[in-house]
$ cat entry-v2.pdb   # PDB, C-alpha atoms
MODEL        1
ATOM      1  CA  MET A 244     -18.940   1.683 -30.698  1.00  0.00           C
ATOM      2  CA  SER A 245     -19.679   4.100 -27.909  1.00  0.00           C
ATOM      3  CA  GLU A 246     -17.144   6.787 -27.068  1.00  0.00           C
ATOM      4  CA  ASN A 247     -16.394   5.144 -23.714  1.00  0.00           C
ATOM      5  CA  GLN A 248     -15.308   1.844 -25.263  1.00  0.00           C
ATOM      6  CA  TRP A 249     -12.235   3.151 -27.093  1.00  0.00           C
ATOM      7  CA  TRP A 250      -9.920   0.736 -25.261  1.00  0.00           C
ATOM      8  CA  GLN A 251     -11.802  -2.433 -26.214  1.00  0.00           C
ATOM      9  CA  THR A 252     -10.717  -2.655 -29.833  1.00  0.00           C
ATOM     10  CA  GLU A 253      -7.397  -3.338 -31.486  1.00  0.00           C
ATOM     11  CA  GLU A 254      -7.921  -0.257 -33.639  1.00  0.00           C
ATOM     12  CA  ASN A 255      -7.712   1.929 -30.536  1.00  0.00           C
ATOM     13  CA  ASP A 256      -4.795   0.313 -28.724  1.00  0.00           C
ATOM     14  CA  SER A 257      -2.531   3.295 -29.297  1.00  0.00           C
ATOM     15  CA  VAL A 258      -3.426   5.535 -26.386  1.00  0.00           C
ATOM     16  CA  ALA A 259      -0.730   7.592 -24.715  1.00  0.00           C
ATOM     17  CA  THR A 260      -0.287   7.745 -20.954  1.00  0.00           C
ATOM     18  CA  SER A 261      -0.672  11.175 -19.405  1.00  0.00           C
ATOM     19  CA  PRO A 262       2.634  12.715 -18.255  1.00  0.00           C
ATOM     20  CA  GLU A 263       0.926  13.490 -14.937  1.00  0.00           C
ATOM     21  CA  LEU A 264       0.970   9.726 -14.314  1.00  0.00           C
ATOM     22  CA  TRP A 265       4.357   8.610 -15.642  1.00  0.00           C
ATOM     23  CA  ARG A 266       6.615  11.587 -14.837  1.00  0.00           C
ATOM     24  CA  PRO A 267       6.461  11.315 -11.022  1.00  0.00           C
ATOM     25  CA  ILE A 268       7.116   7.580 -11.317  1.00  0.00           C
ATOM     26  CA  ALA A 269      10.039   8.126 -13.681  1.00  0.00           C
ATOM     27  CA  ASP A 270      11.487  10.789 -11.376  1.00  0.00           C
ATOM     28  CA  ALA A 271      11.255   8.457  -8.368  1.00  0.00           C
ATOM     29  CA  ILE A 272      13.209   5.666 -10.059  1.00  0.00           C
ATOM     30  CA  GLY A 273      15.709   7.740 -12.018  1.00  0.00           C
ATOM     31  CA  GLY A 274      13.984   7.433 -15.404  1.00  0.00           C
ATOM     32  CA  PHE A 275      13.125   4.534 -17.697  1.00  0.00           C
ATOM     33  CA  ASP A 276      15.525   2.752 -20.018  1.00  0.00           C
ATOM     34  CA  LEU A 277      12.919   1.042 -22.198  1.00  0.00           C
ATOM     35  CA  ASP A 278       9.306   1.430 -23.311  1.00  0.00           C
ATOM     36  CA  PRO A 279       8.672  -1.758 -25.338  1.00  0.00           C
ATOM     37  CA  ALA A 280       5.112  -0.814 -26.366  1.00  0.00           C
ATOM     38  CA  ALA A 281       5.636   2.822 -27.392  1.00  0.00           C
ATOM     39  CA  GLY A 282       4.612   4.800 -30.378  1.00  0.00           C
ATOM     40  CA  CYS A 283       1.859   7.293 -29.667  1.00  0.00           C
ATOM     41  CA  GLU A 284       3.325   9.383 -26.847  1.00  0.00           C
ATOM     42  CA  PRO A 285       3.948  13.035 -27.655  1.00  0.00           C
ATOM     43  CA  THR A 286       6.906  12.887 -25.239  1.00  0.00           C
ATOM     44  CA  PRO A 287       9.039   9.726 -25.051  1.00  0.00           C
ATOM     45  CA  ILE A 288       8.738   8.003 -21.663  1.00  0.00           C
ATOM     46  CA  ALA A 289      11.979   6.010 -21.885  1.00  0.00           C
ATOM     47  CA  ASP A 290      15.418   6.442 -23.445  1.00  0.00           C
ATOM     48  CA  GLU A 291      14.780   3.505 -25.824  1.00  0.00           C
ATOM     49  CA  ARG A 292      11.379   2.943 -27.437  1.00  0.00           C
ATOM     50  CA  TYR A 293      10.011   0.055 -29.420  1.00  0.00           C
ATOM     51  CA  THR A 294       7.102   0.858 -31.694  1.00  0.00           C
ATOM     52  CA  GLU A 295       4.808  -1.650 -33.349  1.00  0.00           C
ATOM     53  CA  ALA A 296       7.282  -1.833 -36.249  1.00  0.00           C
ATOM     54  CA  ASP A 297      10.060  -2.884 -33.821  1.00  0.00           C
ATOM     55  CA  ASP A 298       7.961  -5.717 -32.345  1.00  0.00           C
ATOM     56  CA  GLY A 299       8.555  -5.114 -28.651  1.00  0.00           C
ATOM     57  CA  LEU A 300       7.463  -8.637 -27.770  1.00  0.00           C
ATOM     58  CA  THR A 301      10.495 -10.163 -29.493  1.00  0.00           C
ATOM     59  CA  SER A 302      13.034  -7.352 -29.119  1.00  0.00           C
ATOM     60  CA  ARG A 303      15.557  -7.287 -26.256  1.00  0.00           C
ATOM     61  CA  TRP A 304      14.264  -5.924 -22.932  1.00  0.00           C
ATOM     62  CA  PHE A 305      16.641  -4.384 -20.412  1.00  0.00           C
ATOM     63  CA  GLY A 306      17.078  -2.056 -17.448  1.00  0.00           C
ATOM     64  CA  LYS A 307      14.142  -0.102 -16.065  1.00  0.00           C
ATOM     65  CA  VAL A 308      11.024  -0.801 -18.131  1.00  0.00           C
ATOM     66  CA  TRP A 309       7.802   1.180 -18.531  1.00  0.00           C
ATOM     67  CA  LEU A 310       4.945  -0.895 -19.972  1.00  0.00           C
ATOM     68  CA  ASN A 311       1.565   0.365 -21.131  1.00  0.00           C
ATOM     69  CA  PRO A 312       0.643  -2.592 -23.379  1.00  0.00           C
ATOM     70  CA  PRO A 313      -2.073  -2.828 -26.010  1.00  0.00           C
ATOM     71  CA  PHE A 314      -5.144  -3.407 -23.855  1.00  0.00           C
ATOM     72  CA  SER A 315      -6.747  -5.668 -26.478  1.00  0.00           C
ATOM     73  CA  ASP A 316      -3.980  -8.270 -25.970  1.00  0.00           C
ATOM     74  CA  LYS A 317      -2.186  -7.646 -22.660  1.00  0.00           C
ATOM     75  CA  THR A 318      -1.324 -11.186 -21.636  1.00  0.00           C
ATOM     76  CA  PRO A 319       1.779 -11.742 -23.799  1.00  0.00           C
ATOM     77  CA  TRP A 320       3.189  -8.380 -22.682  1.00  0.00           C
ATOM     78  CA  TYR A 321       2.831  -9.129 -18.972  1.00  0.00           C
ATOM     79  CA  LYS A 322       4.186 -12.633 -19.501  1.00  0.00           C
ATOM     80  CA  ARG A 323       7.221 -11.207 -21.296  1.00  0.00           C
ATOM     81  CA  LEU A 324       7.774  -8.589 -18.594  1.00  0.00           C
ATOM     82  CA  VAL A 325       7.690 -11.134 -15.763  1.00  0.00           C
ATOM     83  CA  ASN A 326       9.942 -13.569 -17.644  1.00  0.00           C
ATOM     84  CA  GLN A 327      12.466 -10.832 -18.471  1.00  0.00           C
ATOM     85  CA  TYR A 328      12.427  -9.640 -14.866  1.00  0.00           C
ATOM     86  CA  ASN A 329      12.845 -13.173 -13.493  1.00  0.00           C
ATOM     87  CA  ASN A 330      15.714 -13.782 -15.957  1.00  0.00           C
ATOM     88  CA  GLY A 331      17.510 -10.654 -14.727  1.00  0.00           C
ATOM     89  CA  ASP A 332      17.279  -8.787 -18.046  1.00  0.00           C
ATOM     90  CA  VAL A 333      14.905  -6.220 -16.522  1.00  0.00           C
ATOM     91  CA  ASP A 334      16.081  -4.622 -13.255  1.00  0.00           C
ATOM     92  CA  ARG A 335      12.887  -2.760 -12.414  1.00  0.00           C
ATOM     93  CA  ALA A 336       9.511  -2.481 -14.141  1.00  0.00           C
ATOM     94  CA  VAL A 337       6.335  -0.448 -13.978  1.00  0.00           C
ATOM     95  CA  ALA A 338       3.269  -1.680 -15.874  1.00  0.00           C
ATOM     96  CA  LEU A 339      -0.251  -0.359 -16.358  1.00  0.00           C
ATOM     97  CA  ALA A 340      -3.387  -2.481 -16.567  1.00  0.00           C
ATOM     98  CA  THR A 341      -7.106  -2.213 -16.329  1.00  0.00           C
ATOM     99  CA  VAL A 342      -8.261  -3.321 -12.881  1.00  0.00           C
ATOM    100  CA  ASP A 343      -9.571  -6.856 -13.277  1.00  0.00           C
ATOM    101  CA  PRO A 344      -8.439  -9.295 -10.581  1.00  0.00           C
ATOM    102  CA  SER A 345     -10.798 -11.905 -12.049  1.00  0.00           C
ATOM    103  CA  ALA A 346      -8.682 -12.183 -15.225  1.00  0.00           C
ATOM    104  CA  ALA A 347      -6.190 -15.001 -15.752  1.00  0.00           C
ATOM    105  CA  TRP A 348      -3.467 -12.524 -16.842  1.00  0.00           C
ATOM    106  CA  PHE A 349      -3.797 -10.814 -13.457  1.00  0.00           C
ATOM    107  CA  HIS A 350      -3.272 -14.012 -11.465  1.00  0.00           C
ATOM    108  CA  ASP A 351      -0.661 -15.513 -13.781  1.00  0.00           C
ATOM    109  CA  TRP A 352       1.500 -12.439 -14.346  1.00  0.00           C
ATOM    110  CA  PHE A 353       0.418  -9.074 -12.949  1.00  0.00           C
ATOM    111  CA  SER A 354      -0.006 -10.259  -9.370  1.00  0.00           C
ATOM    112  CA  THR A 355       3.699 -11.161  -9.297  1.00  0.00           C
ATOM    113  CA  ALA A 356       4.485  -7.440  -8.902  1.00  0.00           C
ATOM    114  CA  ASP A 357       6.077  -6.425  -5.616  1.00  0.00           C
ATOM    115  CA  VAL A 358       3.442  -3.715  -5.190  1.00  0.00           C
ATOM    116  CA  ILE A 359       0.259  -2.738  -7.001  1.00  0.00           C
ATOM    117  CA  CYS A 360      -1.280   0.717  -6.871  1.00  0.00           C
ATOM    118  CA  PHE A 361      -5.006   0.992  -7.569  1.00  0.00           C
ATOM    119  CA  HIS A 362      -5.092   4.513  -8.972  1.00  0.00           C
ATOM    120  CA  GLN A 363      -7.775   6.785  -7.551  1.00  0.00           C
ATOM    121  CA  GLU A 364      -8.355   8.664 -10.811  1.00  0.00           C
ATOM    122  CA  ARG A 365      -9.443   7.580 -14.290  1.00  0.00           C
ATOM    123  CA  ASN A 366      -8.242  10.468 -16.443  1.00  0.00           C
ATOM    124  CA  LEU A 367      -4.773   8.986 -17.023  1.00  0.00           C
ATOM    125  CA  TYR A 368      -4.613   8.862 -20.814  1.00  0.00           C
ATOM    126  CA  LEU A 369      -4.417  11.392 -23.619  1.00  0.00           C
ATOM    127  CA  ALA A 370      -6.719  12.078 -26.568  1.00  0.00           C
ATOM    128  CA  ASN A 371      -9.481   9.490 -27.040  1.00  0.00           C
ATOM    129  CA  GLY A 372      -8.479   7.770 -23.828  1.00  0.00           C
ATOM    130  CA  SER A 373      -9.062  10.738 -21.567  1.00  0.00           C
ATOM    131  CA  SER A 374     -12.372   9.494 -20.139  1.00  0.00           C
ATOM    132  CA  PRO A 375     -12.110   5.735 -19.663  1.00  0.00           C
ATOM    133  CA  THR A 376     -14.870   3.789 -17.939  1.00  0.00           C
ATOM    134  CA  PHE A 377     -12.355   1.567 -16.169  1.00  0.00           C
ATOM    135  CA  SER A 378      -9.907   1.966 -13.307  1.00  0.00           C
ATOM    136  CA  THR A 379      -6.159   1.629 -13.759  1.00  0.00           C
ATOM    137  CA  GLN A 380      -3.706  -0.344 -11.669  1.00  0.00           C
ATOM    138  CA  ILE A 381       0.045   0.136 -11.653  1.00  0.00           C
ATOM    139  CA  GLY A 382       2.224  -2.907 -11.029  1.00  0.00           C
ATOM    140  CA  VAL A 383       5.814  -2.381  -9.887  1.00  0.00           C
ATOM    141  CA  TRP A 384       8.558  -4.962  -9.789  1.00  0.00           C
ATOM    142  CA  ASN A 385      11.482  -3.925  -7.555  1.00  0.00           C
ATOM    143  CA  PRO A 386      10.236  -0.481  -6.462  1.00  0.00           C
ATOM    144  CA  THR A 387      12.618   2.104  -5.042  1.00  0.00           C
ATOM    145  CA  ASP A 388      12.075   3.567  -1.588  1.00  0.00           C
ATOM    146  CA  ASP A 389      11.384   6.911  -3.292  1.00  0.00           C
ATOM    147  CA  LEU A 390       8.620   5.405  -5.438  1.00  0.00           C
ATOM    148  CA  ILE A 391       6.463   4.062  -2.607  1.00  0.00           C
ATOM    149  CA  PRO A 392       5.266   7.486  -1.314  1.00  0.00           C
ATOM    150  CA  VAL A 393       4.600   8.598  -4.910  1.00  0.00           C
ATOM    151  CA  LEU A 394       2.331   5.596  -5.447  1.00  0.00           C
ATOM    152  CA  GLU A 395       0.651   6.096  -2.066  1.00  0.00           C
ATOM    153  CA  ARG A 396      -0.333   9.615  -3.181  1.00  0.00           C
ATOM    154  CA  MET A 397      -1.808   8.189  -6.397  1.00  0.00           C
ATOM    155  CA  GLY A 398      -4.114   5.655  -4.800  1.00  0.00           C
ATOM    156  CA  THR A 399      -4.333   2.511  -2.708  1.00  0.00           C
ATOM    157  CA  LEU A 400      -1.087   0.573  -2.520  1.00  0.00           C
ATOM    158  CA  VAL A 401      -1.119  -3.172  -1.879  1.00  0.00           C
ATOM    159  CA  LYS A 402       1.550  -5.815  -1.698  1.00  0.00           C
ATOM    160  CA  PRO A 403       0.447  -9.066  -3.330  1.00  0.00           C
ATOM    161  CA  HIS A 404       1.315 -12.244  -1.529  1.00  0.00           C
ATOM    162  CA  THR A 405       1.926 -15.764  -2.664  1.00  0.00           C
ATOM    163  CA  THR A 406      -1.076 -18.008  -2.342  1.00  0.00           C
ATOM    164  CA  ILE A 407      -0.485 -20.756   0.184  1.00  0.00           C
ATOM    165  CA  LYS A 408      -1.850 -24.141  -0.766  1.00  0.00           C
ATOM    166  CA  GLN A 409      -4.273 -25.424   1.787  1.00  0.00           C
ATOM    167  CA  THR A 410      -4.157 -29.026   2.813  1.00  0.00           C
ATOM    168  CA  LYS A 411      -7.089 -31.058   4.017  1.00  0.00           C
ATOM    169  CA  LEU A 412      -7.169 -31.697   7.725  1.00  0.00           C
TER     170      LEU A 412
ENDMDL
END

$ encode --input "entry-v2.pdb" --output "structure tokens"
Amino acid sequence: MSENQWWQTEENDSVATSPELWRPIADAIGGFDLDPAAGCEPTPIADERYTEADDGLTSRWFGKVWLNPPFSDKTPWYKRLVNQYNNGDVDRAVALATVDPSAAWFHDWFSTADVICFHQERNLYLANGSSPTFSTQIGVWNPTDDLIPVLERMGTLVKPHTTIKQTKL
């Protein structure tokens, strides 16, 4: 495996997010209550953390959620986030993903975010993830007014829209 493909294997799913990325976001929303896919961060991102041993996919989600899921199997994490948000268990959420609008998980789950920031930098991870060959997008469900300018400074901010079914004329 080449050094630049660290994120493509299950063995390398534990890559911490750089504080330079998550701290300004946390400050803008008043901190995170839950990080359901935690474990490798040198500094906890949220008040409550679920590690692999806690099984964040089946544990209770609540409040303001930070999600940097295992990139080898993102779909169930985004599905859970959107379902928990739609059920009212999660008040606000911020999730990271590789930029891939051609993927089913993007259209089914990630594109339901209120805003998506396409980050302008790639060096957003610590240790073996410090030089990824992919771009990162940040999805936010229920952003605060204070968060929008923070995201605008990070990259290009877009607001997804609902696809309108076309009818034949």

$ resolve_selection --input "entry-v2.pdb" --expression "the PyMOL selection byres ((chain A and resi 386) around 9)" --output "list in words"
Ile272, Arg335, Ala336, Val337, Asp357, Val358, Val383, Trp384, Asn385, Thr387, Asp388, Asp389, Leu390 and Ile391 of chain A

$ write_last_selection --input "entry-v2.pdb" --atoms "C-alpha atoms" --output "tab-separated table (two decimals), in the frame of the given file"
chain	number	residue	atom	x	y	z
A	272	ILE	CA	13.21	5.67	-10.06
A	335	ARG	CA	12.89	-2.76	-12.41
A	336	ALA	CA	9.51	-2.48	-14.14
A	337	VAL	CA	6.34	-0.45	-13.98
A	357	ASP	CA	6.08	-6.42	-5.62
A	358	VAL	CA	3.44	-3.72	-5.19
A	383	VAL	CA	5.81	-2.38	-9.89
A	384	TRP	CA	8.56	-4.96	-9.79
A	385	ASN	CA	11.48	-3.92	-7.56
A	387	THR	CA	12.62	2.10	-5.04
A	388	ASP	CA	12.08	3.57	-1.59
A	389	ASP	CA	11.38	6.91	-3.29
A	390	LEU	CA	8.62	5.40	-5.44
A	391	ILE	CA	6.46	4.06	-2.61

$ atom_distance --input "entry-v2.pdb" --atom1 "CA of Asp343 (chain A)" --atom2 "CA of Trp304 (chain A)"
25.7 Å

$ resolve_selection --input "entry-v2.pdb" --expression "the PyMOL selection byres ((chain A and resi 354) around 10)" --output "PyMOL selection string"
chain A and resi 344+348-353+355-359+382-383+402-405

$ closest_residue --input "entry-v2.pdb" --among "A:Ser378, A:Thr399, A:Asn311, A:Thr341" --to "Ala289 (chain A)" --atoms "only C-alpha atoms"
A:Asn311

$ closest_residue --input "entry-v2.pdb" --among "A:Val308, A:Ile268, A:Thr260, A:Glu284" --to "Glu395 (chain A)" --atoms "only C-alpha atoms"
A:Ile268

$ closest_residue --input "entry-v2.pdb" --among "A:Leu324, A:Ala271, A:Leu264, A:Ile381" --to "Phe305 (chain A)" --atoms "only C-alpha atoms"
A:Leu324

$ closest_residue --input "entry-v2.pdb" --among "A:Trp309, A:Asp290, A:Ser315, A:Ala281" --to "Trp265 (chain A)" --atoms "only C-alpha atoms"
A:Trp309

$ residues_around --input "entry-v2.pdb" --residues "Ala340 (chain A)" --least-positions-apart "2" --cutoff "7 Å" --atoms "all atoms listed in the file" --output "PyMOL selection string"
chain A and resi 338+342+379-381

$ build_atoms --input "entry-v2.pdb" --residues "region 281-317 of chain A" --atoms "N, CA and C atoms" --output "mmCIF file, in the frame of the given file"
data_model
loop_
_atom_site.group_PDB
_atom_site.id
_atom_site.type_symbol
_atom_site.label_atom_id
_atom_site.label_comp_id
_atom_site.auth_asym_id
_atom_site.auth_seq_id
_atom_site.Cartn_x
_atom_site.Cartn_y
_atom_site.Cartn_z
ATOM 1 N N ALA A 281 5.757 1.376 -27.173
ATOM 2 C CA ALA A 281 5.636 2.822 -27.392
ATOM 3 C C ALA A 281 5.095 3.117 -28.783
ATOM 4 N N GLY A 282 4.952 4.400 -29.027
ATOM 5 C CA GLY A 282 4.612 4.800 -30.378
ATOM 6 C C GLY A 282 3.707 6.000 -30.476
ATOM 7 N N CYS A 283 2.822 6.199 -29.512
ATOM 8 C CA CYS A 283 1.859 7.293 -29.667
ATOM 9 C C CYS A 283 2.076 8.436 -28.687
ATOM 10 N N GLU A 284 3.087 8.348 -27.843
ATOM 11 C CA GLU A 284 3.325 9.383 -26.847
ATOM 12 C C GLU A 284 3.897 10.639 -27.491
ATOM 13 N N PRO A 285 3.364 11.801 -27.127
ATOM 14 C CA PRO A 285 3.948 13.035 -27.655
ATOM 15 C C PRO A 285 5.339 13.299 -27.077
ATOM 16 N N THR A 286 5.601 12.776 -25.887
ATOM 17 C CA THR A 286 6.906 12.887 -25.239
ATOM 18 C C THR A 286 7.379 11.478 -24.911
ATOM 19 N N PRO A 287 8.557 11.077 -25.370
ATOM 20 C CA PRO A 287 9.039 9.726 -25.051
ATOM 21 C C PRO A 287 9.137 9.510 -23.539
ATOM 22 N N ILE A 288 8.716 8.339 -23.087
ATOM 23 C CA ILE A 288 8.738 8.003 -21.663
ATOM 24 C C ILE A 288 10.085 7.410 -21.269
ATOM 25 N N ALA A 289 10.717 6.689 -22.179
ATOM 26 C CA ALA A 289 11.979 6.010 -21.885
ATOM 27 C C ALA A 289 13.049 6.419 -22.893
ATOM 28 N N ASP A 290 14.302 6.143 -22.541
ATOM 29 C CA ASP A 290 15.418 6.442 -23.445
ATOM 30 C C ASP A 290 15.310 5.655 -24.746
ATOM 31 N N GLU A 291 14.943 4.384 -24.645
ATOM 32 C CA GLU A 291 14.780 3.505 -25.824
ATOM 33 C C GLU A 291 13.306 3.169 -25.956
ATOM 34 N N ARG A 292 12.798 3.213 -27.179
ATOM 35 C CA ARG A 292 11.379 2.943 -27.437
ATOM 36 C C ARG A 292 11.249 1.936 -28.558
ATOM 37 N N TYR A 293 10.364 0.970 -28.343
ATOM 38 C CA TYR A 293 10.011 0.055 -29.420
ATOM 39 C C TYR A 293 8.586 0.373 -29.844
ATOM 40 N N THR A 294 8.435 0.631 -31.144
ATOM 41 C CA THR A 294 7.102 0.858 -31.694
ATOM 42 C C THR A 294 6.584 -0.466 -32.237
ATOM 43 N N GLU A 295 5.393 -0.439 -32.774
ATOM 44 C CA GLU A 295 4.808 -1.650 -33.349
ATOM 45 C C GLU A 295 5.721 -2.233 -34.430
ATOM 46 N N ALA A 296 6.372 -1.378 -35.193
ATOM 47 C CA ALA A 296 7.282 -1.833 -36.249
ATOM 48 C C ALA A 296 8.503 -2.565 -35.685
ATOM 49 N N ASP A 297 8.903 -2.237 -34.459
ATOM 50 C CA ASP A 297 10.060 -2.884 -33.821
ATOM 51 C C ASP A 297 9.721 -4.218 -33.179
ATOM 52 N N ASP A 298 8.440 -4.492 -32.979
ATOM 53 C CA ASP A 298 7.961 -5.717 -32.345
ATOM 54 C C ASP A 298 8.565 -5.888 -30.953
ATOM 55 N N GLY A 299 8.066 -5.103 -30.018
ATOM 56 C CA GLY A 299 8.555 -5.114 -28.651
ATOM 57 C C GLY A 299 8.438 -6.443 -27.938
ATOM 58 N N LEU A 300 7.582 -7.325 -28.418
ATOM 59 C CA LEU A 300 7.463 -8.637 -27.770
ATOM 60 C C LEU A 300 8.649 -9.547 -28.068
ATOM 61 N N THR A 301 9.355 -9.305 -29.157
ATOM 62 C CA THR A 301 10.495 -10.163 -29.493
ATOM 63 C C THR A 301 11.837 -9.436 -29.394
ATOM 64 N N SER A 302 11.794 -8.123 -29.248
ATOM 65 C CA SER A 302 13.034 -7.352 -29.119
ATOM 66 C C SER A 302 13.598 -7.506 -27.707
ATOM 67 N N ARG A 303 14.863 -7.171 -27.547
ATOM 68 C CA ARG A 303 15.557 -7.287 -26.256
ATOM 69 C C ARG A 303 14.997 -6.291 -25.243
ATOM 70 N N TRP A 304 14.707 -6.781 -24.037
ATOM 71 C CA TRP A 304 14.264 -5.924 -22.932
ATOM 72 C C TRP A 304 15.411 -5.794 -21.940
ATOM 73 N N PHE A 305 15.511 -4.625 -21.306
ATOM 74 C CA PHE A 305 16.641 -4.384 -20.412
ATOM 75 C C PHE A 305 16.336 -3.241 -19.451
ATOM 76 N N GLY A 306 17.095 -3.184 -18.363
ATOM 77 C CA GLY A 306 17.078 -2.056 -17.448
ATOM 78 C C GLY A 306 15.756 -1.808 -16.761
ATOM 79 N N LYS A 307 15.391 -0.526 -16.697
ATOM 80 C CA LYS A 307 14.142 -0.102 -16.065
ATOM 81 C C LYS A 307 13.091 0.065 -17.167
ATOM 82 N N VAL A 308 12.023 -0.716 -17.060
ATOM 83 C CA VAL A 308 11.024 -0.801 -18.131
ATOM 84 C C VAL A 308 9.715 -0.145 -17.716
ATOM 85 N N TRP A 309 9.159 0.635 -18.633
ATOM 86 C CA TRP A 309 7.802 1.180 -18.531
ATOM 87 C C TRP A 309 6.953 0.393 -19.510
ATOM 88 N N LEU A 310 5.798 -0.118 -19.074
ATOM 89 C CA LEU A 310 4.945 -0.895 -19.972
ATOM 90 C C LEU A 310 3.488 -0.470 -19.868
ATOM 91 N N ASN A 311 2.988 0.108 -20.947
ATOM 92 C CA ASN A 311 1.565 0.365 -21.131
ATOM 93 C C ASN A 311 1.206 -0.429 -22.388
ATOM 94 N N PRO A 312 0.825 -1.713 -22.231
ATOM 95 C CA PRO A 312 0.643 -2.592 -23.379
ATOM 96 C C PRO A 312 -0.658 -2.329 -24.122
ATOM 97 N N PRO A 313 -0.779 -2.896 -25.314
ATOM 98 C CA PRO A 313 -2.073 -2.828 -26.010
ATOM 99 C C PRO A 313 -3.126 -3.537 -25.151
ATOM 100 N N PHE A 314 -4.160 -2.828 -24.762
ATOM 101 C CA PHE A 314 -5.144 -3.407 -23.855
ATOM 102 C C PHE A 314 -5.968 -4.520 -24.506
ATOM 103 N N SER A 315 -5.983 -4.595 -25.830
ATOM 104 C CA SER A 315 -6.747 -5.668 -26.478
ATOM 105 C C SER A 315 -6.044 -7.020 -26.372
ATOM 106 N N ASP A 316 -4.733 -7.015 -26.056
ATOM 107 C CA ASP A 316 -3.980 -8.270 -25.970
ATOM 108 C C ASP A 316 -2.834 -8.108 -24.971
ATOM 109 N N LYS A 317 -3.175 -7.938 -23.697
ATOM 110 C CA LYS A 317 -2.186 -7.646 -22.660
ATOM 111 C C LYS A 317 -1.353 -8.846 -22.229
#
